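Below is one structure; the comments refer to it alone.
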Protein chains: 2
Amino acid sequence: MALERDKVVAASLILLDEVGLDGLTMRALAKRLAVQAPTLYWHFPSKQALLDQMADAIIAPVPAAIPPGEPPDTVLRSLADAMRRALLSRRDGARVYAGTYVMGENVLAVADIALGALMQKGLDERGAADEMFNIVYYILGHAIEEQGFQERWVSADDGTVAGMRRLLAEPASRRFPSLSRCVDTILASDFDARFRRGVDSWLHGLERKEAAPRVRSARSASVKS
Amino acid sequence: MALERDKVVAASLILLDEVGLDGLTMRALAKRLAVQAPTLYWHFPSKQALLDQMADAIIAPVPAAIPPGEPPDTVLRSLADAMRRALLSRRDGARVYAGTYVMGENVLAVADIALGALMQKGLDERGAADEMFNIVYYILGHAIEEQGFQERWVSADDGTVAGMRRLLAEPASRRFPSLSRCVDTILASDFDARFRRGVDSWLHGLERKEAAPRVRSARSASVKS
DNA sequence: CACATTAATCTAACACCGTTAGAGTGCCGT
DNA sequence: ACGGCACTCTAACGGTGTTAGATTAATGTG
């Protein structure tokens, strides 16, 4: 019963790597499973339901990648790293995940780990929830843009970033001086290094939060006094 | 020549608000313009090209929303705010923007402003490029999830977040203790407040960067000595 | 004015998509 | 032996982005 479902999800992930999200059709998936397309609708009520399962499967390796018993900073760093790697591990993985918004088993597990580490650092419930979403948003946006960048520019017919340089360098030269100064740095962009620095910045910001517990707002304070 | 193109983009943005990205078809757009669908292909080589123009149009208001002559922190804060508002101003706006990766006029202008402010704060080219992308990733991820959350949960048949509470509270209670503690906070989530705090954290992290100029790596230092 | 050219739109159609209806097929418990 | 169930099939519907090629409207040129 649930065995067949898992096999379908596994096959769809392989197909995703081969043809991308736009090429992932029910008919193509059916052919790979030596089956007719409508058969899939006995196992999944819709394509979106299948995509939801795929999204959960994509981040399934994340909870297991977190070393237990480590200090919260280590947990958070490896959590961010594992989630990024999971999203990037499949072609269009970030786009699949972004389109889902479903409360899958693994999604909940990841959230639980992040919230636990954040509260262990001294944040209250709201602070932990905020920061947990913030880092997830960052990871997701980062991965979406990275994969989109690759598909659009690196694996384009051009084959290099030369086309991008042409588009960037010309109009920037006069009207956009700051951009013009940074254009070489941007073209040589290293997503991994940038991500690491981004996570560092985030963790550094957390230090401030845990050190200085939130003050009551002026209104409620005056009411109290 | 370019006049007709702009009219098509404007109409497509109105249609986007009405029917969402999934409902935005070339035939529906053509009907709104009192034209047959293939006519659009005289003005745009593909639907993706139209979406690219739409994405650039969505963030067109951003550069104008930046007060000139302000200190860089103010510039960056209002830039983040304006970009977020722009993405949220159209239905599925964030998803449209995320799928584009095009070097439009306004995209370049926004990048130029951000890079200028960051370098004015003392960051070098690479630091400015990194942080500019980081904040953009964050804004984008935030907006995508917020709009997706609304479409999937708030405007669902259920009409409220009750369905989400049901899905979250039950499985969380035993296996996910931290999540369980935060579930009420999460359900009462205020995206605006969270975004403001996220930008604050980011700006705070920048202070550290500008204060402490990067040290040479150990390897190159030892070579020097 | 007549005419060739160009811009813009049309109709018709292609190949494909997600999805549904409803008819089989094989197995399993009684 | 047989009813029911799990699973798969064929056929088709309405829709999609996109192309080919004919047709109209406008425009500059002799």
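Ordering of the structure tokens sets the chain letters (A, B, ...); residue numbers start at 1 within each chain; ligands are numbered from 1 in the order shown.
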
(request) Using only C-alpha atoms (C1' of nucleotides), select each residue of chain C with any atom at most 9 Å away from an atom of chain B, and give the selection as a PyMOL selection string. (result) chain C and resi 8-10

(request) Within 10 Å of range 15-22 of chain D, counting only C-alpha atoms (C1' of nucleotides), which residues show up once you throw out same-chain ones fewer than 6 positions away? Write them as a list in words, please. (result) Thr25, Met26, Arg27, Ala37, Pro38, Tyr41, Pro45, Ser46 and Lys47 of chain B; DC10, DT11, DA12, DA13, DC14, DA15, DC16, DC17 and DG18 of chain C

Written selection (C-alpha atoms (C1' of nucleotides)) as a short mmCIF file (atom, residue, chain, number, x, y, z; two decimals), in the first residue's frame:
```cif
data_model
loop_
_atom_site.label_atom_id
_atom_site.label_comp_id
_atom_site.auth_asym_id
_atom_site.auth_seq_id
_atom_site.Cartn_x
_atom_site.Cartn_y
_atom_site.Cartn_z
CA THR B 25 -2.54 32.03 -19.95
CA MET B 26 -1.73 33.54 -23.29
CA ARG B 27 -5.30 32.98 -24.44
CA ALA B 37 -3.49 34.48 -28.75
CA PRO B 38 -0.89 34.02 -31.48
CA TYR B 41 3.94 36.13 -30.27
CA PRO B 45 9.10 35.58 -28.51
CA SER B 46 7.72 33.43 -25.71
CA LYS B 47 5.65 33.51 -22.56
"C1'" DC C 10 -5.91 36.42 -38.24
"C1'" DT C 11 -7.30 31.16 -38.66
"C1'" DA C 12 -5.97 26.47 -38.23
"C1'" DA C 13 -3.51 23.28 -36.26
"C1'" DC C 14 0.25 20.58 -33.62
"C1'" DA C 15 1.91 18.25 -29.70
"C1'" DC C 16 1.43 18.07 -25.25
"C1'" DC C 17 -0.58 18.69 -20.52
"C1'" DG C 18 -3.42 17.23 -15.99
#
```

(request) For Leu51 in chain B, work out the shell of residues within 12 Å, counting only C-alpha atoms (C1' of nucleotides) and skipping chain neighbours fewer than 2 positions away, then give it as a PyMOL selection string. (result) chain B and resi 8-10+12-13+16+21+24-26+44-49+53-58+92-102+104

(request) Could you give me, as an MDAnalysis selection string, each residue of range 105-211 of chain A that DSSP assigns to alpha helix (DSSP H) when run on this structure's backbone? (result) chainID A and resid 105:120 125:149 162:175 177:187 191:211

Counting only C-alpha atoms, give me one row per residue of chain A with an atom at most 6 Å from an atom of chain B, showing the shortest contact pair and its distance in Å to one decimal, sorted by chain then residue number, as a tab-separated table.
```
residue	atom	partner	partner_atom	distance
A:Asp112	CA	B:Leu179	CA	4.8
A:Leu115	CA	B:Ser178	CA	5.9
A:Gly116	CA	B:Ser178	CA	5.2
A:Glu125	CA	B:Cys182	CA	5.3
A:Arg126	CA	B:Thr185	CA	5.8
A:Asp130	CA	B:Arg194	CA	5.8
A:Tyr137	CA	B:Gly141	CA	4.4
A:Tyr138	CA	B:Tyr138	CA	4.4
A:Leu140	CA	B:Gly141	CA	5.7
A:Gly141	CA	B:Gly141	CA	4.2
A:His142	CA	B:Tyr137	CA	5.2
A:Phe176	CA	B:Asp112	CA	5.6
A:Ser178	CA	B:Gly116	CA	5.2
A:Leu179	CA	B:Asp112	CA	4.8
A:Cys182	CA	B:Glu125	CA	5.4
A:Thr185	CA	B:Arg126	CA	5.8
A:Arg194	CA	B:Asp130	CA	5.8
A:Ser201	CA	B:Gly205	CA	5.3
A:Gly205	CA	B:Ser201	CA	5.3
```

(request) For chain D, report every residue with an atom at most 8 Å from chain A (counting only C-alpha atoms (C1' of nucleotides)), formatted as a ChimeraX atom specification. (result) /D:7-9

(message) Need the shell around DC27 in chain C: protein/DNA/RNA residues with any atom at most 12 Å away, counting only C-alpha atoms (C1' of nucleotides). Skip same-chain ones fewer than 3 positions apart. Format as a list in words?
(response) DG4, DC5, DA6 and DC7 of chain D
